[in-house]
Every structure is written in C-alpha cells, then in structure tokens.
$ cat my_file_29.txt   # compact mmCIF, C-alpha atoms and all ligand atoms
# COMPACT_ATOMS: atom_id res chain seq x y z
CA MET P 10 0.00 0.00 0.00
CA ILE P 11 1.25 3.43 -0.77
CA TYR P 12 0.99 5.78 2.21
CA ARG P 13 0.13 9.26 1.17
CA LYS P 14 2.08 12.04 2.77
CA VAL P 15 -0.74 14.41 3.54
CA LEU P 16 -0.46 16.83 6.38
CA PHE P 17 -2.81 16.27 9.27
CA MET P 18 -5.86 18.44 8.98
CA ARG P 19 -6.66 18.10 12.62
CA VAL P 20 -5.06 19.45 15.73
CA PHE P 21 -4.16 16.96 18.40
CA THR P 22 -5.81 18.49 21.38
CA ALA P 23 -3.53 16.49 23.65
CA PHE P 24 -0.59 18.64 22.67
CA SER P 25 -2.31 21.95 22.42
CA PHE P 26 -0.15 23.62 24.96
CA ILE P 27 3.11 25.38 24.59
CA PHE P 28 5.87 23.16 25.75
CA ALA P 29 9.05 24.83 26.81
CA ALA P 30 10.30 23.13 29.96
CA GLY P 31 13.57 21.29 29.62
CA LEU P 32 14.41 22.79 26.26
CA ALA P 33 17.39 24.91 25.47
CA ALA P 34 16.62 28.41 26.67
CA GLN P 35 16.70 30.08 23.26
CA HIS P 36 13.85 27.99 21.81
CA THR P 37 10.16 27.88 22.48
CA TYR P 38 8.07 25.38 20.57
CA THR P 39 4.41 25.95 19.92
CA SER P 40 1.82 23.16 19.88
CA GLY P 41 1.96 23.35 16.08
CA ASP P 42 5.73 22.77 16.15
CA ILE P 43 5.20 19.79 18.43
CA GLU P 44 2.68 18.32 15.98
CA ASP P 45 5.25 18.72 13.22
CA GLY P 46 7.75 16.96 15.46
CA ALA P 47 5.22 14.14 16.00
CA LEU P 48 4.81 13.72 12.25
CA LEU P 49 8.57 13.61 11.72
CA TYR P 50 8.98 11.14 14.58
CA ARG P 51 6.27 8.85 13.20
CA GLY P 52 7.62 9.16 9.69
CA THR P 53 11.27 8.36 10.38
CA CYS P 54 12.01 7.23 13.92
CA VAL P 55 9.10 5.10 15.14
CA GLY P 56 10.25 1.98 13.27
CA CYS P 57 13.39 1.70 15.42
CA HIS P 58 12.61 3.65 18.61
CA GLY P 59 8.95 2.56 18.85
CA PRO P 60 5.83 4.63 19.59
CA ASP P 61 6.92 5.20 23.20
CA GLY P 62 10.53 5.98 22.27
CA ASN P 63 11.93 3.14 24.36
CA LEU P 64 12.42 0.27 21.91
CA VAL P 65 16.20 0.59 21.42
CA PRO P 66 17.65 -1.26 24.44
CA GLY P 67 18.97 1.07 27.12
CA ILE P 68 17.46 4.20 25.54
CA ASP P 69 14.22 5.87 26.62
CA LEU P 70 14.02 9.07 24.60
CA PRO P 71 10.93 10.67 26.28
CA HIS P 72 12.38 10.11 29.74
CA MET P 73 15.90 11.22 28.75
CA LYS P 74 17.44 7.88 29.67
CA LEU P 75 20.24 8.20 27.18
CA ARG P 76 23.61 6.63 26.59
CA ARG P 77 25.36 9.46 24.76
CA ALA P 78 23.45 12.72 24.82
CA SER P 79 22.96 14.57 28.08
CA ASN P 80 20.90 17.53 26.93
CA ASP P 81 18.59 18.66 24.13
CA ASP P 82 21.32 20.25 22.03
CA GLN P 83 23.29 17.00 22.00
CA MET P 84 20.15 15.06 21.06
CA ILE P 85 19.54 17.47 18.20
CA ALA P 86 23.11 16.96 16.98
CA ILE P 87 22.75 13.16 17.14
CA ILE P 88 19.41 13.27 15.31
CA ARG P 89 21.01 15.23 12.48
CA ASN P 90 24.36 13.44 12.30
CA GLY P 91 23.43 9.93 13.44
CA VAL P 92 25.86 7.81 15.43
CA PRO P 93 28.52 6.53 13.01
CA GLY P 94 29.15 2.82 13.23
CA THR P 95 25.71 2.10 14.75
CA ALA P 96 22.21 1.65 13.35
CA MET P 97 21.37 5.28 14.20
CA PRO P 98 21.28 6.98 10.77
CA PRO P 99 21.89 10.67 10.02
CA SER P 100 18.67 12.49 9.20
CA ASN P 101 18.08 15.21 6.68
CA VAL P 102 16.27 17.61 9.05
CA THR P 103 17.08 21.17 10.01
CA GLU P 104 18.21 22.04 13.52
CA PHE P 105 14.77 23.52 14.19
CA GLN P 106 12.98 20.39 12.92
CA ALA P 107 15.19 18.17 15.08
CA GLY P 108 14.25 20.47 17.98
CA THR P 109 10.53 19.90 17.29
CA ILE P 110 11.12 16.13 17.48
CA VAL P 111 12.85 16.55 20.84
CA ALA P 112 9.98 18.80 22.04
CA TYR P 113 7.49 16.11 20.95
CA LEU P 114 9.48 13.46 22.85
CA HIS P 115 9.39 15.62 26.00
CA SER P 116 5.63 16.08 25.58
CA ILE P 117 5.00 12.32 25.53
CA GLY P 118 7.36 11.85 28.45
CA ASN P 119 5.03 14.12 30.37
CA THR P 120 1.73 12.47 29.47
CA ALA P 121 0.80 9.39 31.45
CA GLY P 122 0.55 6.24 29.37
CA GLY P 123 -1.62 4.53 31.98
CA ALA P 124 -4.47 3.13 29.87
CA ALA P 125 -2.67 -0.01 28.70
CA SER P 126 -1.31 -1.03 32.09
CA ALA P 127 -4.78 -0.75 33.64
CA GLY P 128 -6.26 -3.20 31.16
CA ASP P 129 -6.31 -6.93 30.61
CA ALA P 130 -5.22 -7.90 27.09
CA ALA P 131 -7.03 -11.28 27.03
CA ARG P 132 -10.31 -9.64 28.01
CA GLY P 133 -9.61 -6.92 25.45
CA LYS P 134 -9.24 -9.50 22.67
CA ALA P 135 -12.59 -11.05 23.63
CA ILE P 136 -14.28 -7.62 23.56
CA PHE P 137 -12.63 -6.78 20.23
CA GLU P 138 -13.93 -9.95 18.61
CA GLY P 139 -17.27 -10.09 20.45
CA LYS P 140 -19.23 -7.32 22.12
CA GLY P 141 -17.21 -4.49 20.52
CA GLY P 142 -17.88 -5.73 17.00
CA CYS P 143 -14.51 -4.32 15.94
CA THR P 144 -13.81 -7.15 13.47
CA SER P 145 -16.74 -5.99 11.35
CA CYS P 146 -14.38 -3.25 10.15
CA HIS P 147 -10.87 -4.18 11.30
CA ARG P 148 -8.60 -7.06 10.49
CA ILE P 149 -5.97 -8.52 12.79
CA ARG P 150 -3.64 -11.22 11.49
CA GLY P 151 -5.92 -12.28 8.70
CA GLN P 152 -9.18 -12.24 10.73
CA GLY P 153 -11.88 -9.64 10.17
CA SER P 154 -12.92 -7.08 7.59
CA ARG P 155 -10.73 -4.79 5.53
CA SER P 156 -13.00 -1.75 5.46
CA GLY P 157 -11.09 -0.16 8.36
CA PRO P 158 -7.31 -0.17 8.86
CA ASP P 159 -5.52 -3.44 9.57
CA LEU P 160 -4.53 -3.31 13.24
CA SER P 161 -2.12 -6.29 13.24
CA ASP P 162 0.83 -4.19 14.39
CA ILE P 163 -0.84 -1.05 15.71
CA GLY P 164 1.18 -1.32 18.94
CA ALA P 165 4.37 -0.76 16.95
CA TYR P 166 3.38 2.69 15.76
CA ARG P 167 0.68 4.07 18.06
CA ARG P 168 0.99 4.86 21.77
CA ALA P 169 -1.59 3.51 24.22
CA PRO P 170 -3.13 6.98 24.88
CA GLU P 171 -3.47 7.50 21.12
CA ILE P 172 -5.17 4.13 20.66
CA GLU P 173 -7.52 4.97 23.52
CA LYS P 174 -8.34 8.30 21.88
CA SER P 175 -9.09 6.54 18.56
CA ILE P 176 -11.67 4.38 20.33
CA VAL P 177 -13.49 7.03 22.36
CA ASP P 178 -13.12 9.93 19.92
CA PRO P 179 -12.45 8.55 16.41
CA ASP P 180 -12.79 11.94 14.71
CA ALA P 181 -10.07 13.59 16.80
CA GLU P 182 -7.10 12.43 14.78
CA ILE P 183 -7.15 10.35 11.64
CA LEU P 184 -3.85 9.16 10.20
CA PRO P 185 -3.34 10.32 6.61
CA GLN P 186 -3.38 6.76 5.27
CA ASN P 187 -6.71 6.07 7.00
CA ARG P 188 -8.78 8.85 5.52
CA THR P 189 -12.14 8.23 3.93
CA VAL P 190 -12.97 9.70 0.55
CA ARG P 191 -16.18 10.26 -1.34
CA VAL P 192 -16.21 10.19 -5.12
CA VAL P 193 -19.09 11.03 -7.43
CA ALA P 194 -18.95 9.71 -10.99
CA LYS P 195 -20.21 11.78 -13.90
CA ASP P 196 -23.39 9.68 -13.97
CA GLY P 197 -24.08 10.75 -10.38
CA THR P 198 -23.26 7.51 -8.51
CA ALA P 199 -21.48 8.22 -5.25
CA THR P 200 -19.05 5.86 -3.51
CA THR P 201 -17.52 6.29 -0.08
CA GLY P 202 -14.57 4.26 1.12
CA ARG P 203 -10.96 4.12 2.13
CA LEU P 204 -8.50 5.64 -0.30
CA LEU P 205 -5.94 2.94 -1.07
CA ASN P 206 -4.01 4.63 -3.81
CA GLU P 207 -4.27 7.31 -6.43
CA ASP P 208 -2.22 8.08 -9.50
CA THR P 209 -2.54 10.30 -12.53
CA PHE P 210 -5.29 8.21 -14.10
CA ASN P 211 -7.09 6.30 -11.35
CA VAL P 212 -8.36 6.59 -7.82
CA MET P 213 -8.48 3.25 -5.97
CA ILE P 214 -11.00 2.88 -3.18
CA LEU P 215 -11.95 0.07 -0.85
CA ASP P 216 -15.72 0.43 -0.53
CA SER P 217 -17.86 -0.42 2.50
CA LYS P 218 -18.42 -3.95 1.16
CA ASP P 219 -14.67 -4.63 1.11
CA ARG P 220 -14.49 -4.37 -2.66
CA LEU P 221 -11.55 -2.71 -4.38
CA VAL P 222 -12.88 -0.30 -6.99
CA ALA P 223 -10.84 1.78 -9.44
CA PHE P 224 -12.30 5.01 -10.75
CA PRO P 225 -10.78 6.63 -13.82
CA ARG P 226 -10.22 10.26 -12.89
CA ALA P 227 -11.67 11.34 -16.21
CA ASN P 228 -15.04 9.93 -15.11
CA LEU P 229 -15.20 11.72 -11.78
CA ARG P 230 -17.26 14.75 -11.03
CA GLU P 231 -16.25 15.06 -7.40
CA PHE P 232 -13.47 13.83 -5.11
CA THR P 233 -13.57 14.88 -1.47
CA PHE P 234 -12.06 13.82 1.83
CA VAL P 235 -14.58 13.03 4.55
CA ASP P 236 -13.63 14.54 7.91
CA LYS P 237 -15.84 12.35 9.97
CA SER P 238 -14.57 8.86 10.76
CA PRO P 239 -16.85 5.98 9.73
CA MET P 240 -15.94 4.48 13.09
CA PRO P 241 -18.49 5.05 15.86
CA SER P 242 -17.30 6.40 19.21
CA TYR P 243 -17.27 3.73 21.92
CA LYS P 244 -17.35 6.28 24.73
CA ASP P 245 -20.85 5.24 25.80
CA LYS P 246 -20.80 1.71 24.35
CA LEU P 247 -17.92 0.31 26.40
CA SER P 248 -17.08 0.95 30.05
CA ALA P 249 -13.79 2.63 30.96
CA GLN P 250 -12.46 -0.77 32.05
CA GLU P 251 -13.49 -2.38 28.76
CA VAL P 252 -11.77 0.40 26.79
CA ALA P 253 -8.63 -0.11 28.90
CA ASP P 254 -8.78 -3.85 28.17
CA VAL P 255 -9.03 -3.27 24.41
CA VAL P 256 -6.18 -0.74 24.57
CA ALA P 257 -4.03 -3.28 26.44
CA TYR P 258 -4.76 -5.86 23.74
CA LEU P 259 -4.03 -3.53 20.81
CA SER P 260 -0.89 -1.99 22.37
CA GLY P 261 0.59 -5.46 22.59
CA LEU P 262 0.25 -6.08 18.84
CA LYS P 263 3.74 -5.16 17.73
CA SER P 264 4.67 -7.41 14.88
CA VAL P 265 2.91 -9.46 12.28
CA GLU P 266 3.27 -13.15 12.95
CA VAL P 267 4.94 -15.08 10.17
CA LYS P 268 2.75 -18.04 9.39
C1 LIG P 301 17.44 2.32 11.77
C2 LIG P 301 17.08 2.50 13.18
C3 LIG P 301 17.02 3.91 13.74
C4 LIG P 301 16.35 5.00 13.23
C5 LIG P 301 15.53 5.09 11.94
C6 LIG P 301 16.54 6.07 14.18
N1 LIG P 301 17.31 5.65 15.22
FE1 LIG P 301 17.94 6.80 16.77
N2 LIG P 301 19.12 5.29 17.41
C7 LIG P 301 19.13 4.02 16.90
C8 LIG P 301 20.11 3.22 17.63
C9 LIG P 301 20.41 1.75 17.42
C10 LIG P 301 20.69 4.10 18.58
C11 LIG P 301 21.80 3.77 19.58
C12 LIG P 301 23.12 4.11 18.96
C13 LIG P 301 24.23 3.79 19.93
O1 LIG P 301 24.53 4.67 20.74
O2 LIG P 301 24.71 2.66 19.89
C14 LIG P 301 20.03 5.39 18.42
C15 LIG P 301 20.33 6.52 19.15
C16 LIG P 301 19.58 7.68 19.15
C17 LIG P 301 19.80 8.81 20.02
C18 LIG P 301 20.90 8.95 21.07
C19 LIG P 301 20.42 8.39 22.38
C20 LIG P 301 21.51 8.38 23.45
O3 LIG P 301 21.61 7.36 24.10
O4 LIG P 301 22.19 9.40 23.62
C21 LIG P 301 18.83 9.73 19.75
C22 LIG P 301 18.61 11.07 20.42
C23 LIG P 301 18.04 9.17 18.69
N3 LIG P 301 18.53 7.94 18.34
C24 LIG P 301 16.91 9.79 18.12
C25 LIG P 301 16.36 9.39 16.90
C26 LIG P 301 15.38 10.15 16.19
C27 LIG P 301 14.72 11.41 16.70
C28 LIG P 301 15.16 9.49 15.03
C29 LIG P 301 14.28 9.93 13.86
C30 LIG P 301 14.64 11.18 13.23
C31 LIG P 301 15.97 8.28 15.03
N4 LIG P 301 16.68 8.27 16.19
C32 LIG P 301 15.98 7.33 14.03
C33 LIG P 301 18.38 3.55 15.84
C34 LIG P 301 17.62 4.34 15.00
C1 LIG P 302 -17.85 0.88 11.15
C2 LIG P 302 -16.50 0.46 11.03
C3 LIG P 302 -15.64 0.45 12.29
C4 LIG P 302 -15.87 -0.16 13.50
C5 LIG P 302 -17.09 -0.97 13.93
C6 LIG P 302 -14.68 0.04 14.30
N1 LIG P 302 -13.77 0.80 13.60
FE1 LIG P 302 -11.95 1.42 14.27
N2 LIG P 302 -11.69 2.50 12.56
C7 LIG P 302 -12.52 2.47 11.47
C8 LIG P 302 -11.98 3.34 10.43
C9 LIG P 302 -12.58 3.57 9.06
C10 LIG P 302 -10.79 3.89 10.95
C11 LIG P 302 -9.84 4.90 10.24
C12 LIG P 302 -10.29 6.31 10.47
C13 LIG P 302 -10.02 6.76 11.88
O1 LIG P 302 -8.84 6.78 12.30
O2 LIG P 302 -10.98 7.06 12.59
C14 LIG P 302 -10.64 3.35 12.30
C15 LIG P 302 -9.57 3.61 13.15
C16 LIG P 302 -9.29 2.90 14.30
C17 LIG P 302 -8.07 3.03 15.06
C18 LIG P 302 -6.89 3.94 14.71
C19 LIG P 302 -6.03 3.22 13.68
C20 LIG P 302 -4.71 3.90 13.37
O3 LIG P 302 -4.01 3.39 12.46
O4 LIG P 302 -4.39 4.91 13.99
C21 LIG P 302 -8.18 2.18 16.15
C22 LIG P 302 -7.16 1.96 17.23
C23 LIG P 302 -9.45 1.53 16.05
N3 LIG P 302 -10.10 1.99 14.91
C24 LIG P 302 -9.95 0.60 16.95
C25 LIG P 302 -11.23 0.07 16.92
C26 LIG P 302 -11.80 -0.76 17.96
C27 LIG P 302 -11.05 -1.21 19.20
C28 LIG P 302 -13.10 -1.04 17.60
C29 LIG P 302 -14.13 -1.82 18.37
C30 LIG P 302 -14.32 -1.46 19.76
C31 LIG P 302 -13.32 -0.38 16.30
N4 LIG P 302 -12.18 0.28 15.94
C32 LIG P 302 -14.51 -0.44 15.59
C33 LIG P 302 -13.69 1.75 11.34
C34 LIG P 302 -14.31 1.06 12.37
$ encode --input "my_file_29.txt" --output "structure tokens" --more "lines below"
Ligand code: HEC
Ligand code: HEC
Amino acid sequence: MIYRKVLFMRVFTAFSFIFAAGLAAQHTYTSGDIEDGALLYRGTCVGCHGPDGNLVPGIDLPHMKLRRASNDDQMIAIIRNGVPGTAMPPSNVTEFQAGTIVAYLHSIGNTAGGAASAGDAARGKAIFEGKGGCTSCHRIRGQGSRSGPDLSDIGAYRRAPEIEKSIVDPDAEILPQNRTVRVVAKDGTATTGRLLNEDTFNVMILDSKDRLVAFPRANLREFTFVDKSPMPSYKDKLSAQEVADVVAYLSGLKSVEVK
C-alpha cells in the first residue's frame, strides 16, 4: 500500500499547549511545532525507537534515559548526524525540525501512558472480537474485515493513549493513510470508502463492502475527503475498564506473525 504524505488536517488536542520546559533556553516550541515533530517522529524514527521511544535497548528518549546525549542540544546533533558505526542513521532535518522532534518526545514523556497497564489484554481480545464488533471493520492477522485499517501491528506505531483516543473519539485524529474519501462519478453515482491509492489516471477505493474499486479520474465529477470517521465512538458503548482492556490488547500487537 502506498501511504500518502498528507499533512494532518486536525489538531491533536492532547498537545495543544506550549511546551518549553527542559528545552534549550533560546527555543520555544508551539503546539503546532510539536505536531510537526510528532509527524517527523512517526515518519522516520518510530520503526526503530517505537511509539513510546523506548524500543532501542537502554534508551528511553521521552524520559531522557540516554547513553550518549545529556541535553537537548546534543540530542539534536545526534538526530542530524546519526551515530557513526551504529544503526542510528543521520537524518536530513534542520536544527529547528530536530528540535521539534525533541519537544514532541518531551511532551509524551510528560503524558501518562496509563491506559494499557490498567487493562487486561485477554479480556480486550474477547471484547474486540465479540461485544465491541470491531472485526466488522478491522482485520488482525488475517481475521476480520478490511473496510477499516488493519490493526495487526498497531502497537508498533501508536501509543496507548493515542489508541484509547481513537476508540473514544475517532474523529479527533485520523492518520493520513486512514482517511475516507467520497467520489461522485459523472453519472451521479457516489461511492464512499478508504482511499488505497491514487495516481494520474485512477483513484483506488476500498468500498464499504470490502471491494476494491478503481475510478478513472476522467469519469469523476467530485473527489472529497470526509472529515468524519466511519468508526463510531465507543465512549458510551464500552465501560472505561473495557476500553482499557481493548487498549491493552491492541498496544501489545507489535509485529505481524509469520505463518
Ligand atoms: C534504523 C534505526 C534507527 C532510526 C531510523 C533512528 N534511530 Fe535513533 N538510534 C538508533 C540506535 C540503534 C541508537 C543507539 C546508537 C548507539 O549509541 O549505539 C540510536 C540513538 C539515538 C539517540 C541517542 C540516544 C543516546 O543514548 O544518547 C537519539 C537522540 C536518537 N537515536 C533519536 C532518533 C530520532 C529522533 C530518530 C528519527 C529522526 C531516530 N533516532 C531514528 C536507531 C535508529
Ligand atoms: C464501522 C467500522 C468500524 C468499527 C465498527 C470500528 N472501527 Fe476502528 N476504525 C474504522 C476506520 C474507518 C478507521 C480509520 C479512520 C479513523 O482513524 O478514525 C478506524 C480507526 C481505528 C483506530 C486507529 C487506527 C490507526 O491506524 O491509527 C483504532 C485503534 C481503532 N479503529 C480501533 C477500533 C476498535 C477497538 C473497535 C471496536 C471497539 C473499532 N475500531 C470499531 C472503522 C471502524
């Protein structure tokens, strides 16, 4: 699948504060800068350092448990130059951009990640497949529908508080690759679904019946992104404990099993 690099249209309310503590005195980062840092982190760092920044052994970036750097300026230098002779690659970001990543890491170090630890993953799996009806839209390791995103390794790229937010407030933040589109053909037929890919000639959509449909651009009258998630909020459908259980289950899904 080709992930489209579209900027987030939505503001993460969780980070809508100005975060300055712990940063080099000459810089202040706004909530918008921190969102940019989050995007950069998810785009280039999450695969190695993990959604909580603690996947490289001995390094916990949000909590400043570091082996080499001892302050923000040194982190910024390492982010830009990499660590020669190790897996840490240099990165083509400006000093300011590297600073926004560090500011984002501080912001997650300061938000409690409690939801997952309060839940029971086995109960969460049962709710996901049963009462929650999540498999009617989501697929995990080959089981379930494709109309929503595949969640087989969601724990490898989303933090527990973000997963929780997706369940209780699905409209709050939608990842670019998960956006829903609505197309209207010249004959007036409308189709809504998940945008899988688009190129110069075609728009490929997975419709609500799990069918892959290609629309030639030349035949389209309208092409719009839908802001509202097709996913219902579970705020009033599941108890706080049940949500915590589902979050514990999903946070633990970190790699796709090889069958
Ligand atoms: C290919 C895997 C990989 C990627 C991608 C990667 N890192 Fe690293 N990073 C590592 C490894 C491994 C180390 C430990 C290097 C060492 O000291 O042995 C490290 C070290 C670091 C350190 C130094 C920590 C310390 O102990 O002082 C920082 C800061 C850091 N990474 C931030 C980032 C950021 C931010 C990004 C994204 C822009 C990123 N890394 C991308 C693998 C990666
Ligand atoms: C009617 C279909 C539908 C149902 C039912 C549904 N979802 Fe979703 N879900 C979606 C769609 C579509 C998205 C992508 C848009 C978005 O992020 O809101 C999504 C997004 C998500 C995400 C964020 C994925 C990411 O990559 O960031 C999580 C987590 C999630 N759903 C969990 C659940 C859980 C848990 C349940 C059951 C309690 C559930 N969903 C039920 C359709 C659904």
$ residues_near_ligand --input "my_file_29.txt" --ligand "ligand LIG 301 (chain P)" --cutoff "7 Å" --atoms "only C-alpha atoms and all ligand atoms" --output "compact mmCIF listing (two decimals) with C-alpha atoms, in the frame of the given file"
# COMPACT_ATOMS: atom_id res chain seq x y z
CA LEU P 49 8.57 13.61 11.72
CA TYR P 50 8.98 11.14 14.58
CA THR P 53 11.27 8.36 10.38
CA CYS P 54 12.01 7.23 13.92
CA GLY P 56 10.25 1.98 13.27
CA CYS P 57 13.39 1.70 15.42
CA HIS P 58 12.61 3.65 18.61
CA VAL P 65 16.20 0.59 21.42
CA ILE P 68 17.46 4.20 25.54
CA LEU P 70 14.02 9.07 24.60
CA LYS P 74 17.44 7.88 29.67
CA LEU P 75 20.24 8.20 27.18
CA ARG P 76 23.61 6.63 26.59
CA ARG P 77 25.36 9.46 24.76
CA ALA P 78 23.45 12.72 24.82
CA SER P 79 22.96 14.57 28.08
CA MET P 84 20.15 15.06 21.06
CA ILE P 85 19.54 17.47 18.20
CA ILE P 87 22.75 13.16 17.14
CA ILE P 88 19.41 13.27 15.31
CA VAL P 92 25.86 7.81 15.43
CA THR P 95 25.71 2.10 14.75
CA ALA P 96 22.21 1.65 13.35
CA MET P 97 21.37 5.28 14.20
CA PRO P 98 21.28 6.98 10.77
CA SER P 100 18.67 12.49 9.20
CA ALA P 107 15.19 18.17 15.08
CA ILE P 110 11.12 16.13 17.48
CA VAL P 111 12.85 16.55 20.84
$ residues_near_ligand --input "my_file_29.txt" --ligand "ligand LIG 302 (chain P)" --cutoff "6 Å" --atoms "all atoms listed in the file" --output "JSON, numbers by chain"
{"P": [137, 141, 142, 143, 145, 146, 157, 158, 172, 175, 176, 179, 180, 183, 184, 187, 188, 238, 239, 240, 255]}
$ closest_residue --input "my_file_29.txt" --among "P:Leu215, P:Ala169, P:Gln152, P:Leu247" --to "Gly202 (chain P)" --atoms "all atoms listed in the file"
P:Leu215
$ residues_around --input "my_file_29.txt" --residues "Leu262 (chain P)" --least-positions-apart "6" --cutoff "12 Å" --atoms "only C-alpha atoms" --output "PyMOL selection string"
chain P and resi 125+130+133-134+149-150+159-169+172+255-256
$ closest_residue --input "my_file_29.txt" --among "P:Gly151, P:Pro93, P:Pro60, P:Pro66" --to "Pro170 (chain P)" --atoms "all atoms listed in the file"
P:Pro60
$ residues_around --input "my_file_29.txt" --residues "Ala253 (chain P)" --least-positions-apart "3" --cutoff "8 Å" --atoms "all atoms listed in the file" --output "NGL selection string"
:P and (124-125 or 127-129 or 133 or 173 or 249-250 or 256-257)
$ atom_distance --input "my_file_29.txt" --atom1 "CA of Phe224 (chain P)" --atom2 "CA of Ala194 (chain P)"
8.1 Å
$ closest_residue --input "my_file_29.txt" --among "P:Leu48, P:Leu64, P:Val222, P:Gly94" --to "Lys263 (chain P)" --atoms "all atoms listed in the file"
P:Leu64
$ atom_distance --input "my_file_29.txt" --atom1 "CA of Thr233 (chain P)" --atom2 "CA of Val192 (chain P)"
6.5 Å
$ atom_distance --input "my_file_29.txt" --atom1 "CA of Val102 (chain P)" --atom2 "CA of Asn119 (chain P)"
24.4 Å
$ closest_residue --input "my_file_29.txt" --among "P:Asp216, P:Gly197, P:Ser248, P:Val55" --to "Leu229 (chain P)" --atoms "all atoms listed in the file"
P:Gly197
$ residues_around --input "my_file_29.txt" --residues "Arg132 (chain P)" --least-positions-apart "4" --cutoff "8 Å" --atoms "all atoms listed in the file" --output "list in words"
Ile136, Glu251, Asp254, Val255 and Tyr258 of chain P
$ residues_around --input "my_file_29.txt" --residues "Phe232 (chain P)" --least-positions-apart "5" --cutoff "12 Å" --atoms "only C-alpha atoms" --output "ChimeraX atom specification"
/P:189-195,199-202,204,207,211-214,224-227
$ closest_residue --input "my_file_29.txt" --among "P:Phe105, P:Leu259, P:Gly62, P:Asp69" --to "Asp82 (chain P)" --atoms "only C-alpha atoms"
P:Phe105
$ closest_residue --input "my_file_29.txt" --among "P:Leu114, P:Thr39, P:Tyr243, P:Gly108" --to "Gly59 (chain P)" --atoms "all atoms listed in the file"
P:Leu114
$ decode --input "my_file_29.txt" --residues "region 209-229 of chain P" --atoms "N, CA and C atoms" --output "PDB file, in the first residue's frame"
ATOM      1  N   THR P 209      -2.078   9.321 -11.555  1.00  0.00           N
ATOM      2  CA  THR P 209      -2.540  10.304 -12.534  1.00  0.00           C
ATOM      3  C   THR P 209      -3.887   9.920 -13.147  1.00  0.00           C
ATOM      4  N   PHE P 210      -4.112   8.623 -13.339  1.00  0.00           N
ATOM      5  CA  PHE P 210      -5.293   8.212 -14.096  1.00  0.00           C
ATOM      6  C   PHE P 210      -6.429   7.662 -13.242  1.00  0.00           C
ATOM      7  N   ASN P 211      -6.066   7.013 -12.127  1.00  0.00           N
ATOM      8  CA  ASN P 211      -7.089   6.303 -11.354  1.00  0.00           C
ATOM      9  C   ASN P 211      -7.073   6.672  -9.883  1.00  0.00           C
ATOM     10  N   VAL P 212      -8.236   6.471  -9.259  1.00  0.00           N
ATOM     11  CA  VAL P 212      -8.364   6.591  -7.815  1.00  0.00           C
ATOM     12  C   VAL P 212      -8.849   5.219  -7.338  1.00  0.00           C
ATOM     13  N   MET P 213      -8.115   4.590  -6.431  1.00  0.00           N
ATOM     14  CA  MET P 213      -8.476   3.255  -5.967  1.00  0.00           C
ATOM     15  C   MET P 213      -9.080   3.319  -4.572  1.00  0.00           C
ATOM     16  N   ILE P 214     -10.282   2.788  -4.446  1.00  0.00           N
ATOM     17  CA  ILE P 214     -11.001   2.879  -3.183  1.00  0.00           C
ATOM     18  C   ILE P 214     -11.456   1.500  -2.737  1.00  0.00           C
ATOM     19  N   LEU P 215     -11.385   1.279  -1.415  1.00  0.00           N
ATOM     20  CA  LEU P 215     -11.954   0.068  -0.848  1.00  0.00           C
ATOM     21  C   LEU P 215     -13.325   0.468  -0.325  1.00  0.00           C
ATOM     22  N   ASP P 216     -14.378  -0.038  -0.925  1.00  0.00           N
ATOM     23  CA  ASP P 216     -15.717   0.431  -0.530  1.00  0.00           C
ATOM     24  C   ASP P 216     -16.201  -0.277   0.739  1.00  0.00           C
ATOM     25  N   SER P 217     -17.390   0.094   1.204  1.00  0.00           N
ATOM     26  CA  SER P 217     -17.858  -0.419   2.496  1.00  0.00           C
ATOM     27  C   SER P 217     -18.140  -1.916   2.442  1.00  0.00           C
ATOM     28  N   LYS P 218     -18.210  -2.501   1.262  1.00  0.00           N
ATOM     29  CA  LYS P 218     -18.415  -3.954   1.158  1.00  0.00           C
ATOM     30  C   LYS P 218     -17.108  -4.688   0.910  1.00  0.00           C
ATOM     31  N   ASP P 219     -15.974  -3.995   1.241  1.00  0.00           N
ATOM     32  CA  ASP P 219     -14.667  -4.635   1.113  1.00  0.00           C
ATOM     33  C   ASP P 219     -14.265  -4.902  -0.333  1.00  0.00           C
ATOM     34  N   ARG P 220     -14.854  -4.173  -1.262  1.00  0.00           N
ATOM     35  CA  ARG P 220     -14.486  -4.367  -2.663  1.00  0.00           C
ATOM     36  C   ARG P 220     -13.523  -3.275  -3.091  1.00  0.00           C
ATOM     37  N   LEU P 221     -12.501  -3.676  -3.853  1.00  0.00           N
ATOM     38  CA  LEU P 221     -11.550  -2.708  -4.383  1.00  0.00           C
ATOM     39  C   LEU P 221     -12.095  -2.180  -5.705  1.00  0.00           C
ATOM     40  N   VAL P 222     -12.323  -0.873  -5.772  1.00  0.00           N
ATOM     41  CA  VAL P 222     -12.877  -0.304  -6.994  1.00  0.00           C
ATOM     42  C   VAL P 222     -11.932   0.779  -7.517  1.00  0.00           C
ATOM     43  N   ALA P 223     -11.682   0.760  -8.817  1.00  0.00           N
ATOM     44  CA  ALA P 223     -10.836   1.781  -9.439  1.00  0.00           C
ATOM     45  C   ALA P 223     -11.724   2.734 -10.231  1.00  0.00           C
ATOM     46  N   PHE P 224     -11.531   4.013  -9.999  1.00  0.00           N
ATOM     47  CA  PHE P 224     -12.299   5.015 -10.747  1.00  0.00           C
ATOM     48  C   PHE P 224     -11.357   5.794 -11.655  1.00  0.00           C
ATOM     49  N   PRO P 225     -11.590   5.772 -12.961  1.00  0.00           N
ATOM     50  CA  PRO P 225     -10.777   6.632 -13.821  1.00  0.00           C
ATOM     51  C   PRO P 225     -11.071   8.089 -13.472  1.00  0.00           C
ATOM     52  N   ARG P 226     -10.015   8.862 -13.258  1.00  0.00           N
ATOM     53  CA  ARG P 226     -10.215  10.264 -12.886  1.00  0.00           C
ATOM     54  C   ARG P 226     -11.098  11.011 -13.884  1.00  0.00           C
ATOM     55  N   ALA P 227     -10.925  10.643 -15.160  1.00  0.00           N
ATOM     56  CA  ALA P 227     -11.670  11.344 -16.215  1.00  0.00           C
ATOM     57  C   ALA P 227     -13.182  11.207 -16.031  1.00  0.00           C
ATOM     58  N   ASN P 228     -13.608  10.159 -15.304  1.00  0.00           N
ATOM     59  CA  ASN P 228     -15.040   9.932 -15.114  1.00  0.00           C
ATOM     60  C   ASN P 228     -15.592  10.553 -13.841  1.00  0.00           C
ATOM     61  N   LEU P 229     -14.744  11.242 -13.081  1.00  0.00           N
ATOM     62  CA  LEU P 229     -15.197  11.724 -11.781  1.00  0.00           C
ATOM     63  C   LEU P 229     -15.660  13.176 -11.843  1.00  0.00           C
TER      64      LEU P 229
END
